file run_22.cif (mmCIF, C-alpha atoms and all ligand atoms)
data_input
#
loop_
_atom_site.label_atom_id
_atom_site.label_comp_id
_atom_site.auth_asym_id
_atom_site.auth_seq_id
_atom_site.Cartn_x
_atom_site.Cartn_y
_atom_site.Cartn_z
CA ARG A 1 14.75 -6.90 -15.11
CA THR A 2 12.36 -4.32 -16.42
CA LEU A 3 10.49 -3.82 -19.67
CA ASP A 4 13.70 -2.29 -21.02
CA ASP A 5 15.20 -5.79 -20.96
CA ALA A 6 12.24 -7.56 -22.55
CA GLY A 7 13.34 -7.11 -26.17
CA ASP A 8 10.91 -6.91 -29.08
CA LEU A 9 7.43 -7.73 -27.83
CA LYS A 10 5.62 -7.38 -31.16
CA GLY A 11 3.15 -10.21 -31.54
CA LYS A 12 4.13 -11.71 -28.18
CA ARG A 13 1.48 -12.78 -25.69
CA VAL A 14 2.37 -10.77 -22.59
CA LEU A 15 0.71 -11.81 -19.33
CA VAL A 16 0.56 -8.70 -17.17
CA ARG A 17 -0.29 -9.31 -13.51
CA VAL A 18 -2.00 -6.16 -12.24
CA ASP A 19 -3.63 -5.44 -8.88
CA PHE A 20 -7.10 -4.18 -9.74
CA ASN A 21 -8.48 -5.03 -6.31
CA VAL A 22 -10.15 -1.61 -6.37
CA PRO A 23 -12.94 -0.13 -4.23
CA MET A 24 -16.34 -0.90 -5.81
CA ASP A 25 -19.86 0.15 -4.96
CA GLY A 26 -22.88 -1.36 -6.69
CA GLY A 27 -20.78 -2.75 -9.55
CA ARG A 28 -18.97 0.55 -10.17
CA VAL A 29 -15.32 1.30 -9.52
CA THR A 30 -15.25 4.17 -7.00
CA ASP A 31 -11.49 4.80 -7.03
CA ALA A 32 -9.56 3.98 -10.21
CA THR A 33 -6.11 4.95 -8.88
CA ARG A 34 -4.72 1.41 -9.19
CA ILE A 35 -5.93 1.22 -12.80
CA GLN A 36 -4.56 4.64 -13.67
CA ARG A 37 -1.15 3.85 -12.22
CA VAL A 38 -0.57 0.94 -14.66
CA LEU A 39 -1.64 2.83 -17.78
CA PRO A 40 1.97 3.74 -18.74
CA THR A 41 2.88 0.03 -18.83
CA LEU A 42 -0.27 -0.90 -20.76
CA ASN A 43 0.26 1.89 -23.29
CA GLU A 44 3.90 0.93 -23.71
CA LEU A 45 2.96 -2.69 -24.42
CA VAL A 46 0.17 -1.71 -26.80
CA GLU A 47 2.53 0.59 -28.70
CA ALA A 48 5.11 -2.21 -28.87
CA GLY A 49 2.47 -4.36 -30.63
CA ALA A 50 2.20 -6.93 -27.82
CA LYS A 51 -0.95 -8.95 -27.18
CA VAL A 52 -1.68 -7.64 -23.70
CA ILE A 53 -3.36 -10.17 -21.39
CA LEU A 54 -4.30 -8.88 -17.96
CA LEU A 55 -4.31 -11.20 -14.97
CA ALA A 56 -5.81 -9.99 -11.69
CA HIS A 57 -7.68 -11.02 -8.59
CA PHE A 58 -10.63 -9.30 -6.98
CA GLY A 59 -11.91 -9.88 -3.45
CA ARG A 60 -11.50 -13.20 -1.69
CA PRO A 61 -13.75 -15.71 -3.53
CA LYS A 62 -11.96 -18.72 -1.99
CA GLY A 63 -11.23 -20.72 -5.13
CA LYS A 64 -14.76 -20.70 -6.63
CA PRO A 65 -16.51 -18.40 -9.11
CA VAL A 66 -18.59 -15.76 -7.32
CA ALA A 67 -20.62 -13.49 -9.63
CA ALA A 68 -20.19 -10.45 -7.38
CA GLU A 69 -16.42 -10.81 -7.64
CA SER A 70 -16.20 -10.97 -11.42
CA LEU A 71 -13.62 -8.71 -13.07
CA ARG A 72 -16.02 -7.78 -15.89
CA PRO A 73 -16.93 -4.33 -14.49
CA ILE A 74 -13.24 -3.72 -13.84
CA ALA A 75 -12.42 -4.60 -17.46
CA GLU A 76 -15.00 -1.98 -18.50
CA ALA A 77 -13.45 0.61 -16.17
CA THR A 78 -10.00 -0.25 -17.57
CA ALA A 79 -11.25 0.31 -21.12
CA ARG A 80 -12.57 3.75 -20.09
CA GLU A 81 -9.28 4.70 -18.43
CA LEU A 82 -7.18 3.34 -21.29
CA GLY A 83 -9.33 4.87 -24.02
CA ARG A 84 -9.36 1.64 -26.03
CA PRO A 85 -11.36 -1.60 -25.98
CA VAL A 86 -10.53 -4.24 -23.39
CA ALA A 87 -11.90 -7.68 -24.26
CA PHE A 88 -12.96 -10.02 -21.47
CA ALA A 89 -12.73 -13.81 -21.08
CA GLU A 90 -14.83 -15.60 -18.50
CA ASP A 91 -12.02 -17.83 -17.33
CA CYS A 92 -8.31 -17.25 -16.82
CA ILE A 93 -7.24 -20.74 -18.02
CA GLY A 94 -8.45 -23.46 -20.41
CA GLU A 95 -10.35 -23.26 -23.67
CA THR A 96 -12.23 -20.02 -22.84
CA ALA A 97 -9.01 -18.12 -22.21
CA ALA A 98 -7.18 -19.78 -25.12
CA SER A 99 -9.82 -18.88 -27.71
CA ALA A 100 -10.05 -15.27 -26.49
CA ILE A 101 -6.27 -15.00 -26.78
CA ALA A 102 -6.24 -16.58 -30.23
CA ALA A 103 -8.60 -13.81 -31.37
CA LEU A 104 -6.22 -11.02 -30.27
CA LYS A 105 -4.42 -8.86 -32.81
CA ASP A 106 -1.12 -7.17 -32.05
CA GLY A 107 -1.72 -4.26 -29.65
CA ASP A 108 -5.08 -5.62 -28.39
CA VAL A 109 -5.87 -5.83 -24.69
CA LEU A 110 -7.75 -8.67 -22.97
CA MET A 111 -8.63 -9.16 -19.31
CA LEU A 112 -9.02 -12.70 -17.99
CA GLU A 113 -11.50 -13.50 -15.21
CA ASN A 114 -10.51 -13.41 -11.52
CA THR A 115 -7.56 -15.72 -10.87
CA ARG A 116 -8.93 -16.45 -7.38
CA PHE A 117 -11.91 -18.28 -8.96
CA HIS A 118 -9.46 -21.23 -9.02
CA ALA A 119 -8.13 -22.75 -5.79
CA GLY A 120 -4.72 -23.25 -7.48
CA GLU A 121 -4.11 -19.49 -7.46
CA GLU A 122 -3.68 -19.04 -3.71
CA LYS A 123 -2.07 -22.47 -3.33
CA ASN A 124 0.48 -21.50 -5.99
CA ASP A 125 -0.29 -24.92 -7.42
CA LYS A 126 2.13 -26.11 -10.12
CA ALA A 127 -0.56 -27.34 -12.53
CA PHE A 128 -2.42 -24.04 -12.24
CA VAL A 129 0.78 -22.05 -12.82
CA GLU A 130 1.35 -24.12 -15.96
CA ALA A 131 -2.23 -23.58 -17.13
CA LEU A 132 -1.73 -19.81 -16.78
CA ALA A 133 1.71 -19.94 -18.40
CA ALA A 134 0.28 -21.76 -21.44
CA ASN A 135 -1.41 -18.46 -22.36
CA GLY A 136 1.72 -16.34 -22.48
CA ASP A 137 5.21 -15.94 -23.89
CA VAL A 138 6.33 -13.33 -21.35
CA TYR A 139 5.26 -12.40 -17.80
CA VAL A 140 5.21 -8.83 -16.49
CA ASN A 141 4.55 -8.32 -12.80
CA GLU A 142 2.91 -4.94 -12.27
CA ALA A 143 1.21 -5.83 -8.98
CA PHE A 144 3.50 -4.56 -6.22
CA SER A 145 0.49 -4.21 -3.94
CA ALA A 146 -0.14 -7.97 -4.18
CA ALA A 147 3.55 -8.92 -3.97
CA HIS A 148 3.20 -10.04 -0.34
CA ARG A 149 1.12 -12.98 -1.63
CA ALA A 150 3.02 -16.05 -2.92
CA HIS A 151 0.25 -16.94 -5.37
CA ALA A 152 0.41 -18.54 -8.81
CA SER A 153 -0.08 -15.28 -10.73
CA THR A 154 2.04 -13.13 -8.39
CA GLU A 155 4.93 -15.52 -7.73
CA GLY A 156 4.68 -18.86 -9.55
CA LEU A 157 4.63 -17.46 -13.07
CA ALA A 158 7.97 -15.70 -12.56
CA HIS A 159 9.60 -19.15 -12.37
CA VAL A 160 8.23 -20.52 -15.63
CA LEU A 161 8.17 -17.57 -18.06
CA PRO A 162 10.70 -14.83 -18.83
CA ALA A 163 9.70 -12.33 -16.11
CA TYR A 164 10.00 -8.56 -15.93
CA ALA A 165 8.95 -5.78 -13.58
CA GLY A 166 6.39 -3.38 -15.06
CA ARG A 167 6.80 0.38 -14.76
CA LEU A 168 4.65 0.70 -11.61
CA MET A 169 6.47 -2.19 -9.92
CA GLN A 170 9.73 -0.48 -10.84
CA ALA A 171 8.55 2.87 -9.41
CA GLU A 172 7.33 1.27 -6.17
CA LEU A 173 10.62 -0.58 -5.64
CA ASP A 174 12.61 2.51 -6.43
CA ALA A 175 10.62 4.56 -3.91
CA LEU A 176 10.92 1.92 -1.21
CA THR A 177 14.67 1.74 -1.70
CA LYS A 178 14.87 5.51 -1.29
CA GLY A 179 12.59 5.28 1.75
CA LEU A 180 14.31 2.68 3.91
CA GLU A 181 16.85 0.49 2.15
CA ALA A 182 19.28 3.15 0.97
CA PRO A 183 17.79 6.40 2.22
CA ALA A 184 19.29 9.85 2.56
CA ARG A 185 19.69 10.25 6.35
CA PRO A 186 18.38 11.25 8.80
CA VAL A 187 15.18 9.27 8.23
CA VAL A 188 12.00 10.01 10.18
CA ALA A 189 9.03 7.64 10.15
CA ILE A 190 5.50 8.65 11.12
CA VAL A 191 3.34 5.74 12.21
CA GLY A 192 -0.27 6.26 13.20
CA GLY A 193 -3.54 4.38 13.17
CA SER A 194 -5.63 3.03 15.95
CA LYS A 195 -3.91 -0.10 17.23
CA VAL A 196 -0.42 -1.10 18.33
CA SER A 197 -1.48 -4.76 17.97
CA THR A 198 -1.58 -4.51 14.15
CA LYS A 199 1.80 -2.78 13.94
CA ILE A 200 4.11 -4.45 16.48
CA ASP A 201 6.48 -5.97 13.88
CA LEU A 202 6.49 -2.75 11.93
CA LEU A 203 7.45 -0.66 14.98
CA LYS A 204 10.17 -3.14 15.96
CA ASN A 205 11.65 -3.03 12.46
CA LEU A 206 11.47 0.75 12.17
CA VAL A 207 13.22 1.55 15.46
CA ALA A 208 16.20 -0.42 14.14
CA LYS A 209 16.23 1.43 10.81
CA VAL A 210 15.15 5.05 11.23
CA ASP A 211 16.68 7.93 13.15
CA ALA A 212 13.39 9.22 14.56
CA LEU A 213 10.01 7.57 14.95
CA VAL A 214 6.84 9.59 15.47
CA ILE A 215 3.96 7.62 16.95
CA GLY A 216 0.51 9.15 16.65
CA GLY A 217 -3.14 8.16 16.40
CA GLY A 218 -4.92 5.85 18.82
CA MET A 219 -1.82 3.65 19.12
CA ALA A 220 0.08 6.50 20.82
CA ASN A 221 -2.31 6.19 23.78
CA THR A 222 -0.98 2.71 24.56
CA PHE A 223 2.53 4.21 24.74
CA LEU A 224 1.32 7.05 26.98
CA HIS A 225 -0.38 4.50 29.24
CA ALA A 226 2.84 2.41 29.30
CA ALA A 227 4.68 5.57 30.40
CA GLY A 228 2.31 5.80 33.38
CA LEU A 229 0.07 8.57 32.04
CA GLY A 230 -3.73 8.57 32.26
CA VAL A 231 -5.54 8.45 28.91
CA GLY A 232 -9.14 8.69 30.18
CA LYS A 233 -11.59 6.89 27.88
CA SER A 234 -9.24 6.98 24.89
CA LEU A 235 -8.69 3.95 22.71
CA CYS A 236 -5.87 2.10 24.48
CA GLU A 237 -4.63 -1.51 24.41
CA ARG A 238 -3.73 -1.77 28.08
CA ASP A 239 -2.65 -5.41 27.68
CA LEU A 240 0.09 -4.23 25.30
CA ALA A 241 1.81 -1.94 27.81
CA ALA A 242 4.78 -4.33 28.09
CA THR A 243 5.08 -4.49 24.29
CA ALA A 244 5.08 -0.70 24.13
CA GLN A 245 7.77 -0.62 26.84
CA ALA A 246 9.89 -3.07 24.86
CA ILE A 247 9.60 -0.88 21.75
CA ILE A 248 10.57 2.20 23.81
CA GLU A 249 13.60 0.25 25.07
CA ALA A 250 14.54 -0.97 21.55
CA ALA A 251 14.35 2.62 20.28
CA ARG A 252 16.75 3.72 23.02
CA GLU A 253 19.20 0.90 22.21
CA ASN A 254 19.13 1.79 18.51
CA ASN A 255 19.52 5.54 19.04
CA CYS A 256 16.15 6.10 17.45
CA ALA A 257 14.44 9.20 18.87
CA LEU A 258 10.89 8.25 19.81
CA ILE A 259 8.50 11.16 19.41
CA LEU A 260 5.21 10.72 21.25
CA PRO A 261 2.42 13.29 21.54
CA VAL A 262 2.88 15.90 24.26
CA ASP A 263 -0.69 17.16 23.98
CA GLY A 264 -4.00 15.83 22.75
CA VAL A 265 -7.31 17.19 21.46
CA VAL A 266 -9.90 15.65 23.75
CA ALA A 267 -13.66 15.21 23.34
CA GLU A 268 -16.28 13.23 25.25
CA GLU A 269 -17.83 11.77 22.09
CA PHE A 270 -16.40 10.28 18.89
CA LYS A 271 -18.44 12.55 16.65
CA ALA A 272 -17.73 15.21 14.03
CA GLY A 273 -17.83 18.64 15.65
CA ALA A 274 -17.95 17.25 19.22
CA PRO A 275 -17.00 19.91 21.81
CA HIS A 276 -13.26 19.55 22.41
CA HIS A 277 -10.33 20.95 24.29
CA THR A 278 -6.55 20.53 24.14
CA TYR A 279 -4.72 19.17 27.20
CA GLY A 280 -1.16 18.20 27.98
CA VAL A 281 -0.71 14.41 28.03
CA ASP A 282 -0.15 14.60 31.80
CA ALA A 283 -3.61 16.12 32.30
CA ILE A 284 -6.03 14.12 30.13
CA PRO A 285 -9.46 14.20 31.84
CA GLU A 286 -10.85 10.84 32.95
CA THR A 287 -14.05 11.24 30.96
CA GLY A 288 -12.35 12.36 27.74
CA MET A 289 -11.03 10.67 24.61
CA ILE A 290 -7.91 11.83 22.78
CA LEU A 291 -9.00 12.17 19.14
CA ASP A 292 -6.08 14.11 17.69
CA ILE A 293 -2.63 15.39 18.54
CA GLY A 294 -2.45 19.00 19.75
CA ALA A 295 -0.53 21.98 18.33
CA LEU A 296 2.59 21.37 20.45
CA SER A 297 2.82 17.81 19.15
CA VAL A 298 2.43 19.08 15.59
CA ASP A 299 5.33 21.46 16.22
CA ARG A 300 7.48 18.54 17.40
CA ILE A 301 6.62 16.50 14.30
CA SER A 302 7.37 19.49 12.07
CA ALA A 303 10.75 19.92 13.77
CA ALA A 304 11.53 16.22 13.25
CA ILE A 305 10.59 16.58 9.56
CA ASP A 306 12.83 19.67 9.29
CA ASP A 307 15.74 17.64 10.68
CA ALA A 308 15.16 14.76 8.23
CA LYS A 309 16.11 14.14 4.63
CA THR A 310 13.70 11.21 4.23
CA LEU A 311 10.19 10.62 5.57
CA VAL A 312 8.28 7.33 5.56
CA TRP A 313 4.63 7.68 6.58
CA ASN A 314 2.03 5.06 7.46
CA GLY A 315 -1.16 5.87 9.36
CA PRO A 316 -2.96 9.08 10.33
CA VAL A 317 -2.03 10.73 13.66
CA GLY A 318 -5.64 11.50 14.62
CA ALA A 319 -9.23 10.63 13.76
CA PHE A 320 -8.81 12.43 10.42
CA GLU A 321 -12.14 11.19 9.10
CA ILE A 322 -14.10 13.44 11.50
CA ALA A 323 -13.51 17.19 11.66
CA PRO A 324 -11.98 18.94 13.52
CA PHE A 325 -9.92 15.94 14.62
CA ASP A 326 -8.22 15.90 11.20
CA GLN A 327 -6.17 19.00 12.02
CA GLY A 328 -3.03 17.30 13.37
CA THR A 329 -2.76 14.93 10.40
CA VAL A 330 -3.47 17.73 7.93
CA ALA A 331 -0.89 20.08 9.49
CA ALA A 332 1.85 17.42 9.59
CA ALA A 333 1.05 16.33 6.01
CA ARG A 334 1.17 19.91 4.73
CA HIS A 335 4.47 20.51 6.47
CA ALA A 336 5.97 17.39 4.90
CA ALA A 337 4.58 18.37 1.50
CA ALA A 338 6.07 21.87 1.73
CA ARG A 339 9.51 20.47 2.65
CA THR A 340 9.26 18.03 -0.26
CA LYS A 341 8.29 20.78 -2.69
CA ALA A 342 11.23 22.84 -1.46
CA GLY A 343 13.53 19.96 -2.42
CA LYS A 344 14.55 19.29 1.19
CA LEU A 345 12.78 15.97 1.77
CA VAL A 346 12.11 12.65 0.07
CA SER A 347 8.63 11.67 1.29
CA VAL A 348 7.20 8.19 0.81
CA ALA A 349 3.74 7.20 2.07
CA GLY A 350 1.55 4.12 1.80
CA GLY A 351 -1.41 2.23 3.24
CA GLY A 352 -5.10 2.80 2.52
CA ASP A 353 -5.89 5.20 5.38
CA THR A 354 -2.68 7.13 4.85
CA VAL A 355 -3.43 7.79 1.21
CA ALA A 356 -6.99 8.86 2.11
CA ALA A 357 -5.60 11.20 4.80
CA LEU A 358 -3.07 12.76 2.41
CA ASN A 359 -5.77 13.19 -0.23
CA HIS A 360 -7.94 14.82 2.43
CA ALA A 361 -5.05 17.20 3.26
CA GLY A 362 -4.78 17.96 -0.47
CA VAL A 363 -1.07 17.14 -0.60
CA SER A 364 -0.83 13.75 -2.36
CA ALA A 365 0.61 15.29 -5.50
CA ASP A 366 3.38 16.98 -3.51
CA PHE A 367 4.75 13.84 -1.88
CA THR A 368 7.73 12.21 -3.60
CA TYR A 369 5.90 8.89 -3.82
CA ILE A 370 2.57 7.46 -2.74
CA SER A 371 2.41 3.68 -2.86
CA THR A 372 -0.65 1.90 -4.26
CA ALA A 373 -0.10 -0.84 -1.68
CA GLY A 374 -1.87 -1.50 1.60
CA GLY A 375 -0.85 -4.87 3.06
CA ALA A 376 2.30 -5.14 0.92
CA PHE A 377 3.47 -1.71 2.11
CA LEU A 378 2.98 -2.78 5.73
CA GLU A 379 4.87 -6.03 5.21
CA TRP A 380 7.70 -4.13 3.60
CA LEU A 381 7.77 -1.76 6.60
CA GLU A 382 7.89 -4.84 8.81
CA GLY A 383 11.03 -5.93 6.97
CA LYS A 384 9.37 -9.09 5.63
CA PRO A 385 10.31 -10.53 2.23
CA LEU A 386 7.78 -9.91 -0.57
CA PRO A 387 7.53 -13.19 -2.52
CA GLY A 388 6.35 -11.51 -5.74
CA VAL A 389 9.39 -9.23 -5.75
CA ASP A 390 11.83 -11.94 -4.68
CA ALA A 391 10.71 -14.22 -7.52
CA LEU A 392 11.38 -11.42 -10.02
CA ARG A 393 14.81 -10.79 -8.49
CA ARG A 394 15.72 -14.48 -8.63
CA GLN A 395 14.89 -14.56 -12.35
CA ALA A 396 17.00 -11.48 -12.94
C1 LIG B 401 -4.64 -5.45 -1.69
O1 LIG B 401 -5.72 -4.94 -2.06
O2 LIG B 401 -3.98 -5.00 -0.74
C2 LIG B 401 -4.11 -6.60 -2.47
O3 LIG B 401 -4.80 -6.75 -3.66
C3 LIG B 401 -4.10 -7.87 -1.68
O4 LIG B 401 -5.39 -8.34 -1.43
P1 LIG B 401 -5.61 -9.55 -0.39
O5 LIG B 401 -5.32 -8.97 0.98
O6 LIG B 401 -7.02 -10.01 -0.57
O7 LIG B 401 -4.60 -10.62 -0.73
#

call {"tool": "encode", "arguments": {"input": "run_22.cif", "output": "C-alpha cells"}}
result
Amino acid sequence: RTLDDAGDLKGKRVLVRVDFNVPMDGGRVTDATRIQRVLPTLNELVEAGAKVILLAHFGRPKGKPVAAESLRPIAEATARELGRPVAFAEDCIGETAASAIAALKDGDVLMLENTRFHAGEEKNDKAFVEALAANGDVYVNEAFSAAHRAHASTEGLAHVLPAYAGRLMQAELDALTKGLEAPARPVVAIVGGSKVSTKIDLLKNLVAKVDALVIGGGMANTFLHAAGLGVGKSLCERDLAATAQAIIEAARENNCALILPVDGVVAEEFKAGAPHHTYGVDAIPETGMILDIGALSVDRISAAIDDAKTLVWNGPVGAFEIAPFDQGTVAAARHAAARTKAGKLVSVAGGGDTVAALNHAGVSADFTYISTAGGAFLEWLEGKPLPGVDALRRQA
C-alpha cells in the first residue's frame, strides 16, 4: 500500500520513517542525497495538510543519547532542502515528543531525536514500539535503505499503525523488481569491490538468477588465483580459492556466463599516478599489483552489456578512487549509461562505493535507477528478506 491508499491525511499525525544516516563532517551534512530523495513524499504530505513527524536513526549510539549523534543538524539540513521550517524535539517518545507534536499545525514538519538513543529501537521492543505509535495516526516507511533492520521504527510500527510505503520506498522496490525479480532478460550483473569474503552470499545468489556475471575489482584476483593464475602482489584472499571454485561451478550449473578480467593494469605501488602497464592475466609480474581491468576486459564487459536488457551493478571494477586506475570503471559505466540513454538497457545500481564511482564517471543521471541503499541493497542482492519491506507487505 502506498500513499495513494492512505486516504485523506489532513490533520493526521503521520510518522514518516526516513533514513537520514547521511555523511557528516564537523556537524555538517556533506551529501544530502538521502534527504533530497524523500522531498517528494514530504511535500506531498505537507500539501495534504498532514502533521509530518520524521523518525530516523543516525550512527550507532547503542541505546543511549550521544551528543555527536544528535539529529539536530540533520533537521536543519532538512529544513534547507525542503525550503520550510522543520521543528525538532529532543526525544522521540514521551512528554518531550508529545508536546512538540501537540504544537504542530496542519502541514508542519517536525523531526524527533535519534530513535537509536533508546535501546528498544534495535530490540524492536513492544513497549518502545507502542511509545512511538502513541505519537501517530499513520505510519509511512520511506527508509528502504534501513529496511534490512528489524527495528521498532523500521519494522515494528508497521504492525500497530496503518502502514504505507512512501514514494522513495515505492521507487526503490519498483527498481529492484525490474532489476532481478521480474527483469527483462538477458540480465547481466557487474560485481566489484575488494573482497570476495564480503560478497559470497551475493555471488551465490546472483549466479542462480542472472544470465551473465562480471566479476571485477580486487575480488576478481581471488578468482584468477583459483583458476591457477599468478596475481603477483595483488589483493587476493588465497584462503577463499575453494569458495571461488564453488561459485565458478555454480555459475556453470546455472548457465550463467562468468566474465572475469582477461587483462589488468598493473603498478608496483597503490598510489595515484603510479607507473603502470597492462598485462594479460596469464602474465602478471610477481612484483606488481592489479589495480584496474585492462582495455580487453572493458571490451568484454561492453559486449556483455550490449547483449543484455537489464544490468544490476554493485562495486567498482578497479581502484576508481586513484587515477588512472579509475579508467575501467569509468569506461564500463559510460557504456552502460549510453545503452540506457538509447533505450536499450534497464540499469540499476546501488551500494556506497558504486554510487561514488558512477558519480565520478559523471553518469549517475543516465542510469535507470540508483538506489540510496548500501547494506540493504547488498542484502537484497543476496536474496535475503528485508524485514522493513516484509512488514509493509504483510499489512497490505
Ligand atoms: C545505512 O546507512 O546503510 C542504513 O542507515 C543502515 O545503517 P546501520 O548499518 O547502522 O543499521

call {"tool": "closest_atom_pairs", "arguments": {"input": "run_22.cif", "of": "chain A", "to": "ligand LIG 401 (chain B)", "cutoff": "8 Å", "atoms": "only C-alpha atoms and all ligand atoms", "output": "CSV"}}
result
residue,atom,partner,partner_atom,distance
A:Asp19,CA,B:LIG401,O3,5.5
A:Phe20,CA,B:LIG401,O3,7.0
A:Asn21,CA,B:LIG401,O3,4.9
A:Val22,CA,B:LIG401,O1,7.0
A:His57,CA,B:LIG401,O3,7.1
A:Phe58,CA,B:LIG401,O3,7.2
A:Gly59,CA,B:LIG401,O6,5.7
A:Arg60,CA,B:LIG401,O6,5.6
A:Ser145,CA,B:LIG401,C2,5.4
A:Ala146,CA,B:LIG401,C2,4.5
A:His148,CA,B:LIG401,C3,7.7
A:Arg149,CA,B:LIG401,O7,6.3
A:Ala373,CA,B:LIG401,O2,5.8
A:Gly374,CA,B:LIG401,O2,4.7
A:Gly375,CA,B:LIG401,O2,4.9
A:Ala376,CA,B:LIG401,O2,6.5

call {"tool": "closest_atom_pairs", "arguments": {"input": "run_22.cif", "of": "region 155-260 of chain A", "to": "region 106-121 of chain A", "cutoff": "12 Å", "atoms": "all atoms listed in the file", "output": "tab-separated table"}}
result
residue	atom	partner	partner_atom	distance
A:Glu155	CA	A:Glu121	CA	9.9
A:Gly156	CA	A:Glu121	CA	9.1
A:Leu157	CA	A:Glu121	CA	10.6

call {"tool": "residues_near_point", "arguments": {"input": "run_22.cif", "point": "(10.5, -11.5, -16.3)", "cutoff": "7 Å", "atoms": "all atoms listed in the file", "output": "number ranges by chain"}}
result
A: 1, 138-140, 158, 161-165, 392, 395

call {"tool": "residues_around", "arguments": {"input": "run_22.cif", "residues": "region 339-350 of chain A", "least_positions_apart": "6", "cutoff": "6 Å", "atoms": "all atoms listed in the file", "output": "list in words"}}
result
Lys309, Thr310, Leu311, Val312, Trp313, Asn314, Phe367, Thr368, Tyr369, Ile370 and Ser371 of chain A

call {"tool": "closest_atom_pairs", "arguments": {"input": "run_22.cif", "of": "region 275-305 of chain A", "to": "region 315-334 of chain A", "cutoff": "10 Å", "atoms": "all atoms listed in the file", "output": "Markdown table"}}
result
| residue | atom | partner | partner_atom | distance |
| --- | --- | --- | --- | --- |
| A:Pro275 | CA | A:Pro324 | CA | 9.7 |
| A:His276 | CA | A:Pro324 | CA | 9.0 |
| A:Ile290 | CA | A:Gly318 | CA | 8.5 |
| A:Leu291 | CA | A:Ala319 | CA | 5.6 |
| A:Asp292 | CA | A:Gly318 | CA | 4.1 |
| A:Ile293 | CA | A:Gly328 | CA | 5.5 |
| A:Gly294 | CA | A:Gly328 | CA | 6.6 |
| A:Ala295 | CA | A:Gly328 | CA | 7.3 |
| A:Leu296 | CA | A:Gly328 | CA | 9.9 |
| A:Ser297 | CA | A:Gly328 | CA | 8.2 |
| A:Val298 | CA | A:Gly328 | CA | 6.2 |
| A:Asp299 | CA | A:Ala332 | CA | 8.5 |
| A:Arg300 | CA | A:Ala332 | CA | 9.7 |
| A:Ile301 | CA | A:Ala332 | CA | 6.8 |
| A:Ser302 | CA | A:Ala332 | CA | 6.4 |
| A:Ile305 | CA | A:Ala332 | CA | 8.8 |

call {"tool": "atom_distance", "arguments": {"input": "run_22.cif", "atom1": "CA of Glu76 (chain A)", "atom2": "CA of Ile101 (chain A)"}}
result
17.7 Å

call {"tool": "closest_residue", "arguments": {"input": "run_22.cif", "among": "A:Glu249, A:Asp201, A:Asp282, A:Asp306", "to": "Glu382 (chain A)", "atoms": "only C-alpha atoms"}}
result
A:Asp201

call {"tool": "residues_around", "arguments": {"input": "run_22.cif", "residues": "Arg17 (chain A)", "least_positions_apart": "6", "cutoff": "9 Å", "atoms": "only C-alpha atoms", "output": "short mmCIF file (atom, residue, chain, number, x, y, z; two decimals) with C-alpha atoms, keeping the file's coordinate frame"}}
result
data_model
loop_
_atom_site.label_atom_id
_atom_site.label_comp_id
_atom_site.auth_asym_id
_atom_site.auth_seq_id
_atom_site.Cartn_x
_atom_site.Cartn_y
_atom_site.Cartn_z
CA ILE A 53 -3.36 -10.17 -21.39
CA LEU A 54 -4.30 -8.88 -17.96
CA LEU A 55 -4.31 -11.20 -14.97
CA ALA A 56 -5.81 -9.99 -11.69
CA TYR A 139 5.26 -12.40 -17.80
CA VAL A 140 5.21 -8.83 -16.49
CA ASN A 141 4.55 -8.32 -12.80
CA GLU A 142 2.91 -4.94 -12.27
CA ALA A 143 1.21 -5.83 -8.98
CA SER A 153 -0.08 -15.28 -10.73
CA THR A 154 2.04 -13.13 -8.39
#

call {"tool": "atom_distance", "arguments": {"input": "run_22.cif", "atom1": "CA of Asn124 (chain A)", "atom2": "CA of Arg393 (chain A)"}}
result
18.1 Å

call {"tool": "atom_distance", "arguments": {"input": "run_22.cif", "atom1": "CA of Gly27 (chain A)", "atom2": "CA of Leu82 (chain A)"}}
result
19.0 Å

call {"tool": "closest_residue", "arguments": {"input": "run_22.cif", "among": "A:Gly49, A:Gly166, A:Pro40, A:Gly352", "to": "Gly193 (chain A)", "atoms": "all atoms listed in the file"}}
result
A:Gly352

call {"tool": "closest_residue", "arguments": {"input": "run_22.cif", "among": "A:Ala147, A:Ala220, A:Leu104, A:Ala152", "to": "Lys126 (chain A)", "atoms": "only C-alpha atoms"}}
result
A:Ala152

call {"tool": "closest_residue", "arguments": {"input": "run_22.cif", "among": "A:Ala283, A:Leu3, A:Arg80, A:Gly216", "to": "Gly228 (chain A)", "atoms": "only C-alpha atoms"}}
result
A:Ala283
